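J.: Got a file for you: entry_4.txt, compact mmCIF, C-alpha atoms.
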```txt
# COMPACT_ATOMS: atom_id res chain seq x y z
CA MET A 1 -31.00 35.06 28.62
CA VAL A 2 -33.33 34.90 25.63
CA LYS A 3 -31.81 38.12 24.31
CA ALA A 4 -28.23 36.94 24.91
CA LEU A 5 -28.81 33.57 23.26
CA GLY A 6 -30.84 35.13 20.45
CA ASP A 7 -28.11 37.66 19.73
CA SER A 8 -25.58 34.84 19.50
CA ALA A 9 -27.80 32.89 17.11
CA SER A 10 -28.41 35.97 14.97
CA GLU A 11 -24.67 36.40 14.62
CA LEU A 12 -23.51 32.81 14.09
CA GLY A 13 -26.64 30.79 13.25
CA GLY A 14 -29.13 28.65 15.13
CA GLY A 15 -26.76 25.70 15.33
CA HIS A 16 -24.22 27.71 17.29
CA ALA A 17 -25.74 27.79 20.79
CA ARG A 18 -28.89 25.66 20.74
CA HIS A 19 -27.43 23.26 23.30
CA LEU A 20 -26.98 26.21 25.69
CA ALA A 21 -30.60 27.29 25.26
CA VAL A 22 -31.88 23.74 25.83
CA ARG A 23 -29.67 23.25 28.87
CA TYR A 24 -30.86 26.52 30.38
CA LEU A 25 -34.46 25.55 29.67
CA THR A 26 -34.26 22.10 31.21
CA GLN A 27 -31.88 22.73 34.11
CA ASP A 28 -32.83 26.23 35.24
CA VAL A 29 -36.25 27.21 33.92
CA ALA A 30 -38.10 23.89 34.27
CA PRO A 31 -37.67 23.78 38.09
CA TRP A 32 -39.05 27.32 38.33
CA LEU A 33 -42.19 26.29 36.47
CA GLU A 34 -42.75 23.60 39.11
CA GLY A 35 -42.43 26.10 41.95
CA ARG A 36 -45.01 28.22 43.74
CA PHE A 37 -45.80 31.77 42.63
CA THR A 38 -48.54 34.35 42.42
CA GLU A 39 -50.78 34.51 39.35
CA ALA A 40 -49.04 37.66 38.08
CA THR A 41 -45.59 36.13 38.49
CA GLY A 42 -46.81 32.94 36.84
CA ARG A 43 -48.01 34.83 33.77
CA ASP A 44 -44.65 36.60 33.45
CA LEU A 45 -42.78 33.32 33.94
CA PHE A 46 -44.83 31.42 31.36
CA ALA A 47 -44.49 34.31 28.89
CA ALA A 48 -40.70 34.40 29.29
CA THR A 49 -40.52 30.62 28.96
CA SER A 50 -42.63 30.80 25.79
CA GLN A 51 -40.01 33.08 24.28
CA LEU A 52 -37.16 30.77 25.28
CA VAL A 53 -38.93 27.69 23.89
CA HIS A 54 -39.68 29.57 20.67
CA LEU A 55 -36.01 30.49 20.39
CA ALA A 56 -35.05 26.83 20.84
CA GLY A 57 -37.47 25.95 18.03
CA TRP A 58 -36.02 28.60 15.76
CA MET A 59 -32.51 27.38 16.52
CA ALA A 60 -33.46 23.79 15.67
CA GLN A 61 -35.10 24.93 12.44
CA ASP A 62 -32.06 27.00 11.50
CA GLU A 63 -29.54 24.32 12.46
CA GLY A 64 -30.36 21.79 9.78
CA ASP A 65 -32.89 20.34 7.37
CA THR A 66 -33.28 16.85 8.79
CA PRO A 67 -36.54 15.14 9.81
CA GLU A 68 -35.34 15.06 13.41
CA LEU A 69 -34.61 18.78 13.59
CA ARG A 70 -37.79 19.69 11.69
CA GLY A 71 -39.88 17.65 14.10
CA LEU A 72 -38.04 19.12 17.07
CA ALA A 73 -38.67 22.67 15.87
CA GLN A 74 -42.35 21.93 15.32
CA ARG A 75 -42.72 20.55 18.86
CA TYR A 76 -40.96 23.56 20.34
CA TYR A 77 -43.23 25.98 18.45
CA ALA A 78 -46.34 24.09 19.55
CA HIS A 79 -45.14 24.09 23.16
CA SER A 80 -44.34 27.80 22.91
CA PHE A 81 -47.92 28.39 21.77
CA ARG A 82 -49.31 26.48 24.76
CA LEU A 83 -47.11 28.45 27.17
CA ALA A 84 -48.22 31.72 25.56
CA ALA A 85 -51.86 30.68 25.99
CA GLU A 86 -51.17 29.89 29.65
CA ALA A 87 -49.67 33.38 30.01
CA GLY A 88 -52.65 34.94 28.21
CA ASP A 89 -50.33 36.71 25.75
CA PRO A 90 -51.78 36.99 22.21
CA GLU A 91 -48.58 38.46 20.76
CA LEU A 92 -46.53 35.48 21.87
CA SER A 93 -49.27 33.14 20.64
CA ALA A 94 -49.12 34.77 17.22
CA THR A 95 -45.33 34.60 17.18
CA ALA A 96 -45.39 30.85 17.91
CA LEU A 97 -47.90 30.33 15.10
CA ARG A 98 -45.64 32.35 12.82
CA GLY A 99 -42.82 29.91 13.50
CA LEU A 100 -45.05 27.06 12.36
CA ALA A 101 -46.20 29.04 9.31
CA VAL A 102 -42.62 29.76 8.19
CA GLN A 103 -41.74 26.10 8.67
CA CYS A 104 -44.69 25.11 6.46
CA VAL A 105 -43.53 27.59 3.79
CA ASP A 106 -40.04 26.11 3.87
CA LEU A 107 -41.40 22.56 3.57
CA GLY A 108 -43.84 23.39 0.78
CA TYR A 109 -47.06 22.92 2.76
CA ARG A 110 -48.69 25.89 1.14
CA ALA A 111 -52.30 25.56 2.29
CA GLU A 112 -51.23 24.96 5.89
CA ALA A 113 -48.88 27.96 5.73
CA VAL A 114 -51.71 30.24 4.60
CA GLN A 115 -54.02 28.99 7.35
CA LEU A 116 -51.37 29.49 10.01
CA GLY A 117 -50.60 32.93 8.58
CA GLU A 118 -54.26 33.84 8.86
CA ALA A 119 -54.24 32.67 12.48
CA CYS A 120 -51.20 34.89 13.15
CA VAL A 121 -53.04 37.90 11.81
CA GLU A 122 -56.15 37.06 13.82
CA TYR A 123 -54.24 36.77 17.10
CA GLY A 124 -52.42 40.02 16.40
CA ARG A 125 -55.44 41.95 15.15
CA HIS A 126 -56.01 43.92 18.35
CA LEU A 127 -52.41 44.55 19.34
CA ASP A 128 -51.32 48.18 19.62
CA ASN A 129 -47.76 47.41 18.52
CA PRO A 130 -47.48 48.27 14.81
CA ARG A 131 -44.29 46.26 14.34
CA ALA A 132 -46.02 43.14 15.64
CA VAL A 133 -48.91 43.75 13.24
CA ALA A 134 -46.44 44.19 10.36
CA TYR A 135 -44.72 40.94 11.40
CA TYR A 136 -47.89 38.87 11.12
CA GLU A 137 -49.25 40.58 8.01
CA ALA A 138 -45.94 39.93 6.24
CA THR A 139 -46.11 36.30 7.36
CA LEU A 140 -49.48 35.88 5.66
CA ALA A 141 -48.30 37.78 2.58
CA ASN A 142 -45.31 35.46 2.27
CA ALA A 143 -47.44 32.34 2.66
CA ALA A 144 -49.91 33.63 0.05
CA ALA A 145 -47.09 34.45 -2.37
CA GLN A 146 -45.72 30.92 -2.02
CA ASP A 147 -49.26 29.69 -2.71
CA ASP A 148 -49.32 31.80 -5.91
CA ASP A 149 -52.21 33.88 -4.55
CA ARG A 150 -51.17 37.29 -5.86
CA ARG A 151 -54.30 39.07 -4.67
CA MET A 152 -53.95 37.95 -1.06
CA ALA A 153 -50.18 38.45 -1.04
CA THR A 154 -50.45 42.00 -2.40
CA LYS A 155 -53.24 42.91 0.03
CA HIS A 156 -51.41 41.78 3.16
CA LEU A 157 -48.04 43.08 1.99
CA ALA A 158 -49.66 46.53 1.73
CA MET A 159 -51.17 46.15 5.20
CA SER A 160 -47.75 45.16 6.52
CA GLU A 161 -46.17 48.21 4.90
CA THR A 162 -48.77 50.49 6.48
CA ALA A 163 -48.08 49.01 9.91
CA ILE A 164 -44.28 49.14 9.70
CA GLY A 165 -44.50 52.79 8.68
CA LYS A 166 -46.17 53.75 11.96
CA PRO A 167 -44.13 54.91 14.96
CA ALA A 168 -42.83 51.97 16.97
CA ALA A 169 -44.45 51.29 20.31
CA ALA A 170 -42.40 50.93 23.45
CA PRO A 171 -39.97 48.00 23.07
CA GLY A 172 -41.52 44.70 24.11
CA ASP A 173 -40.12 41.36 25.09
CA SER A 174 -41.15 39.17 22.17
CA TRP A 175 -39.44 38.91 18.81
CA ALA A 176 -42.43 40.55 17.17
CA ALA A 177 -41.78 43.78 19.03
CA HIS A 178 -38.30 43.90 17.49
CA TYR A 179 -39.40 43.37 13.88
CA SER A 180 -37.34 46.18 12.41
CA PRO A 181 -37.91 48.09 9.16
CA GLY A 182 -34.78 46.34 7.88
CA ARG A 183 -36.19 42.88 8.51
CA TRP A 184 -39.47 43.97 6.97
CA ALA A 185 -37.66 45.28 3.87
CA HIS A 186 -35.87 41.94 3.43
CA GLU A 187 -39.01 39.86 3.81
CA SER A 188 -40.97 42.19 1.53
CA GLY A 189 -38.23 42.07 -1.07
CA MET A 190 -38.42 38.30 -1.24
CA ILE A 191 -42.22 38.39 -1.46
CA LEU A 192 -41.95 40.83 -4.36
CA SER A 193 -39.35 38.59 -5.99
CA ARG A 194 -41.76 35.66 -5.73
CA LEU A 195 -44.44 37.82 -7.33
CA GLY A 196 -42.09 38.65 -10.21
CA ASP A 197 -41.42 42.34 -9.43
CA LEU A 198 -37.63 42.12 -9.49
CA ASP A 199 -36.96 45.86 -9.61
CA ALA A 200 -39.00 46.43 -6.45
CA ALA A 201 -37.41 43.38 -4.86
CA GLU A 202 -33.91 44.73 -5.48
CA GLU A 203 -34.91 48.12 -4.09
CA HIS A 204 -36.24 46.55 -0.89
CA LEU A 205 -33.17 44.36 -0.42
CA HIS A 206 -30.91 47.40 -0.84
CA LEU A 207 -33.04 49.14 1.77
CA ALA A 208 -32.68 46.19 4.12
CA LEU A 209 -28.89 46.26 3.90
CA ASP A 210 -28.76 49.97 4.65
CA ILE A 211 -31.03 49.95 7.72
CA HIS A 212 -29.72 49.55 11.24
CA GLY A 213 -30.41 46.11 12.66
CA LEU A 214 -29.13 44.01 9.75
CA ASP A 215 -25.52 44.14 10.87
CA ARG A 216 -25.74 40.63 12.33
CA ARG A 217 -23.58 38.32 10.22
CA ARG A 218 -26.20 35.62 9.65
CA THR A 219 -28.93 38.09 8.73
CA ARG A 220 -26.70 40.16 6.49
CA ALA A 221 -25.35 37.04 4.76
CA ILE A 222 -28.86 35.85 3.89
CA VAL A 223 -29.89 39.26 2.52
CA LEU A 224 -26.73 39.44 0.39
CA ALA A 225 -27.37 35.93 -0.94
CA ASP A 226 -30.94 36.88 -1.86
CA LEU A 227 -29.85 40.13 -3.50
CA GLY A 228 -27.28 38.27 -5.61
CA GLY A 229 -30.00 35.91 -6.81
CA VAL A 230 -32.33 38.76 -7.73
CA ARG A 231 -29.56 40.51 -9.66
CA LEU A 232 -28.76 37.35 -11.58
CA ARG A 233 -32.43 36.96 -12.55
CA GLN A 234 -32.31 40.54 -13.85
CA GLY A 235 -29.36 39.68 -16.09
CA ASP A 236 -26.87 41.68 -14.00
CA VAL A 237 -24.16 39.02 -13.79
CA ASP A 238 -21.41 41.38 -12.63
CA GLY A 239 -23.66 42.77 -9.91
CA ALA A 240 -24.61 39.27 -8.78
CA LEU A 241 -20.97 38.18 -8.59
CA ALA A 242 -19.98 41.25 -6.57
CA THR A 243 -22.88 40.74 -4.16
CA TRP A 244 -22.17 37.05 -3.76
CA ARG A 245 -18.54 37.81 -2.96
CA ASP A 246 -19.75 39.95 -0.04
CA PHE A 247 -22.11 37.12 0.92
CA LEU A 248 -19.25 34.63 1.13
CA ASP A 249 -17.27 37.01 3.34
CA CYS A 250 -20.21 37.05 5.78
CA ALA A 251 -21.11 33.37 5.53
CA ASP A 252 -17.87 31.76 6.68
CA GLY A 253 -18.30 30.12 10.11
CA ILE A 254 -22.09 30.50 10.35
CA ARG A 255 -24.05 27.36 11.30
CA SER A 256 -27.37 27.99 9.59
CA VAL A 257 -29.36 25.83 7.20
CA LYS A 258 -30.47 28.95 5.33
CA VAL A 259 -26.88 30.02 4.76
CA GLN A 260 -25.95 26.50 3.64
CA ALA A 261 -28.92 26.43 1.26
CA ALA A 262 -27.89 29.81 -0.14
CA LEU A 263 -24.33 28.55 -0.69
CA GLN A 264 -25.61 25.52 -2.58
CA ASP A 265 -28.05 27.59 -4.62
CA MET A 266 -25.29 30.01 -5.62
CA ARG A 267 -22.94 27.19 -6.61
CA VAL A 268 -25.58 25.58 -8.83
CA ARG A 269 -26.51 28.85 -10.53
CA LEU A 270 -22.88 29.67 -11.30
CA ARG A 271 -22.27 26.36 -13.10
CA ARG A 272 -23.44 27.86 -16.38
CA TYR A 273 -20.69 30.52 -16.23
CA THR A 274 -17.78 28.15 -16.82
CA GLY A 275 -15.95 30.76 -18.88
CA VAL A 276 -16.05 33.41 -16.14
CA PRO A 277 -13.04 33.01 -13.81
CA GLU A 278 -14.64 34.97 -10.96
CA ALA A 279 -17.69 32.70 -11.03
CA GLN A 280 -15.48 29.63 -10.66
CA GLU A 281 -13.56 31.27 -7.83
CA LEU A 282 -16.81 31.93 -5.99
CA ARG A 283 -17.94 28.33 -6.48
CA GLU A 284 -14.66 27.04 -5.06
CA GLN A 285 -14.82 29.43 -2.10
CA ALA A 286 -18.42 28.39 -1.40
CA ALA A 287 -17.41 24.71 -1.50
CA ARG A 288 -14.70 25.38 1.11
CA ILE A 289 -17.15 27.18 3.38
CA SER A 290 -19.74 24.42 3.03
CA GLY A 291 -17.16 21.85 4.07
```
Would it be possible to restate this file's structure as structure tokens?
T.:
Amino acid sequence: MVKALGDSASELGGGHARHLAVRYLTQDVAPWLEGRFTEATGRDLFAATSQLVHLAGWMAQDEGDTPELRGLAQRYYAHSFRLAAEAGDPELSATALRGLAVQCVDLGYRAEAVQLGEACVEYGRHLDNPRAVAYYEATLANAAAQDDDRRMATKHLAMSETAIGKPAAAPGDSWAAHYSPGRWAHESGMILSRLGDLDAAEEHLHLALDIHGLDRRRTRAIVLADLGGVRLRQGDVDGALATWRDFLDCADGIRSVKVQAALQDMRVRLRRYTGVPEAQELREQAARISG
């Protein structure tokens, strides 16, 4: 169920099926947690529930940027962490902390984001899944980049790159186990953009688009939006416009705060190009999509 609901959210955004995840959690899973089971079954049940609760938190965070939804996401992540601790699963614990770290990055709580990123890395330090290690190292690198700590960001980005380059372990159940090279390339590209290396950022975003696993509409839309922004910063207006046109084709119908933020960001940046007909067409199309 986590995979089915997560696949739906990856395609159409966190706001698309959150009510289904919450209903399944409260009506089906909650009674199981109150049942009787062996210790081994209990660990598996709490681990699976941790994933579902984390997914509900991610959906709430992706659905909208309101105090209510932000608080709801935070509570889900914290509860996911407690369930992971009950299951004795350090990978799920680290993944829950990552959710909180990303939320702090988005809200501008830079010091808290770095501390949570460090906790992610600590929990994942002894895991034998290189993709999980890359996941948490990139989380810390991103938090450090947002905190303008180039040394720390560069160090942990390199450690993340080393980990993602290793052969993948057997597929696991948590999101960390499915941190693909494409997702890593996207996250790394945006870290490099924050650090001012726009050429490397563009290269990584191109890589992300060409790697299997980024064919989900929501994910692909966000990468295209980011690539358009990087191209504009490089002075490649035609390239930015072409990329943003592809972004708009992907974005229509997706219920995601990140996609909505990208639409607004694109519209604002294109205001200065009043004499470029294509730029005005893109702004009008974005306005229609935003509603």
J.: Which of these, A:Gln234, A:Ser256, A:Thr38, A:Thr66, has the shortest distance to Asp199 of chain A once you count only C-alpha atoms?
T.: A:Gln234
J.: For segment 20-36 of chain A, list every protein, DNA or RNA residue within 8 Å, evaluated using only C-alpha atoms, and leave out those in the same chain fewer than 2 positions away; present the list as a PyMOL selection string.
T.: chain A and resi 5+17-18+38+45-46+49+52-53+55-56
J.: Give one line per residue of segment 158-261 of chain A that approaches segment 273-287 of chain A to at most 8 Å, naming the two atoms of the closest pair and their distance in Å to one decimal, counting only C-alpha atoms; sort by chain then ascending residue number and deliver it as CSV.
T.:
```
residue,atom,partner,partner_atom,distance
A:Leu241,CA,A:Ala279,CA,6.8
A:Trp244,CA,A:Leu282,CA,7.7
A:Arg245,CA,A:Leu282,CA,6.8
A:Leu248,CA,A:Ala286,CA,6.8
```
J.: Would you pick out the contacts of Leu127 of chain A at 9 Å or less, using all atoms listed in the file, so that residues sharing its chain but fewer than 6 positions from it are not included, and give the list as a ChimeraX atom specification?
T.: /A:90-91,133
J.: Based on the selection just made, write C-alpha atoms of those residues as a PDB file, in the frame of the given file.
T.:
```
ATOM      1  CA  PRO A  90     -51.780  36.990  22.210  1.00  0.00           C
ATOM      2  CA  GLU A  91     -48.580  38.460  20.760  1.00  0.00           C
ATOM      3  CA  VAL A 133     -48.910  43.750  13.240  1.00  0.00           C
TER       4      VAL A 133
END
```
J.: What is the distance between atom CA of Ala168 of chain A and atom CA of Leu209 of chain A, in Å to one decimal?
T.: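 If I compute the distance from atom CA of Ala168 of chain A to atom CA of Leu209 of chain A, I get 19.9 Å.
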J.: Mind listing as a PDB file with C-alpha atoms, keeping the file's coordinate frame all residues within 10 Å of (-45.3, 37.6, 29.3), counting only C-alpha atoms?
T.:
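The file below, part_26.pdb, is the result:
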```
ATOM      1  CA  ALA A  40     -49.040  37.660  38.080  1.00  0.00           C
ATOM      2  CA  THR A  41     -45.590  36.130  38.490  1.00  0.00           C
ATOM      3  CA  GLY A  42     -46.810  32.940  36.840  1.00  0.00           C
ATOM      4  CA  ARG A  43     -48.010  34.830  33.770  1.00  0.00           C
ATOM      5  CA  ASP A  44     -44.650  36.600  33.450  1.00  0.00           C
ATOM      6  CA  LEU A  45     -42.780  33.320  33.940  1.00  0.00           C
ATOM      7  CA  PHE A  46     -44.830  31.420  31.360  1.00  0.00           C
ATOM      8  CA  ALA A  47     -44.490  34.310  28.890  1.00  0.00           C
ATOM      9  CA  ALA A  48     -40.700  34.400  29.290  1.00  0.00           C
ATOM     10  CA  THR A  49     -40.520  30.620  28.960  1.00  0.00           C
ATOM     11  CA  SER A  50     -42.630  30.800  25.790  1.00  0.00           C
ATOM     12  CA  GLN A  51     -40.010  33.080  24.280  1.00  0.00           C
ATOM     13  CA  LEU A  83     -47.110  28.450  27.170  1.00  0.00           C
ATOM     14  CA  ALA A  84     -48.220  31.720  25.560  1.00  0.00           C
ATOM     15  CA  GLU A  86     -51.170  29.890  29.650  1.00  0.00           C
ATOM     16  CA  ALA A  87     -49.670  33.380  30.010  1.00  0.00           C
ATOM     17  CA  GLY A  88     -52.650  34.940  28.210  1.00  0.00           C
ATOM     18  CA  ASP A  89     -50.330  36.710  25.750  1.00  0.00           C
ATOM     19  CA  PRO A  90     -51.780  36.990  22.210  1.00  0.00           C
ATOM     20  CA  GLU A  91     -48.580  38.460  20.760  1.00  0.00           C
ATOM     21  CA  LEU A  92     -46.530  35.480  21.870  1.00  0.00           C
ATOM     22  CA  GLY A 172     -41.520  44.700  24.110  1.00  0.00           C
ATOM     23  CA  ASP A 173     -40.120  41.360  25.090  1.00  0.00           C
ATOM     24  CA  SER A 174     -41.150  39.170  22.170  1.00  0.00           C
TER      25      SER A 174
END
```
J.: One decimal, in Å: what's the spacing between atom CA of Ala208 of chain A and atom CA of Val114 of chain A?
T.: 24.8 Å
J.: Between atom CA of Ala4 of chain A and atom CA of His16 of chain A, measure the distance and give it in Å to one decimal.
T.: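 Computing it gives 12.6 Å between the two atoms.
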J.: Between A:Val223, A:Ile289, A:Val257, A:Leu198, which residue has the minimum interatomic distance to Asp106 of chain A, considering only C-alpha atoms?
T.: A:Val257
J.: From the set A:Asp197, A:Asp252, A:Glu202, A:Glu161, which residue has the shortest atom-to-atom contact distance to Gly228 of chain A, counting all atoms listed in the file?
T.: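 Using all atoms listed in the file, Gly228 of chain A sits closest to A:Glu202.
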J.: For Phe81 of chain A, find every residue with an atom within 7 Å (counting only C-alpha atoms), except residues of its own chain fewer than 2 positions away, and show them as number ranges by chain.
T.: A: 77-79, 83-85, 93, 96-97
J.: Can you build me a table of segment 174-194 of chain A residues sitting at most 9 Å from segment 144-152 of chain A, with the closest atom pair per residue and its distance in Å to one decimal, using only C-alpha atoms, sorted by chain and residue number, as a Markdown table?
T.:
```
| residue | atom | partner | partner_atom | distance |
| --- | --- | --- | --- | --- |
| A:Ile191 | CA | A:Ala145 | CA | 6.3 |
| A:Leu192 | CA | A:Ala145 | CA | 8.4 |
| A:Arg194 | CA | A:Ala145 | CA | 6.4 |
```
J.: Applying 7 Å and all atoms listed in the file, which residues near Phe247 of chain A remain after dropping the ones on its own chain fewer than 2 positions away? List them as a ChimeraX atom specification.
T.: /A:221,224-225,243-245,249-251
J.: Tell me, as a count of residues only, which residues lie within 10 Å of Leu205 of chain A, counting all atoms listed in the file; anything in the same chain fewer than 6 positions away does not count.
T.: 15
J.: Tell me which of A:Gly99, A:Gly165, A:His156, A:Leu107 sits closest to Pro130 of chain A, counting only C-alpha atoms.
T.: A:Gly165
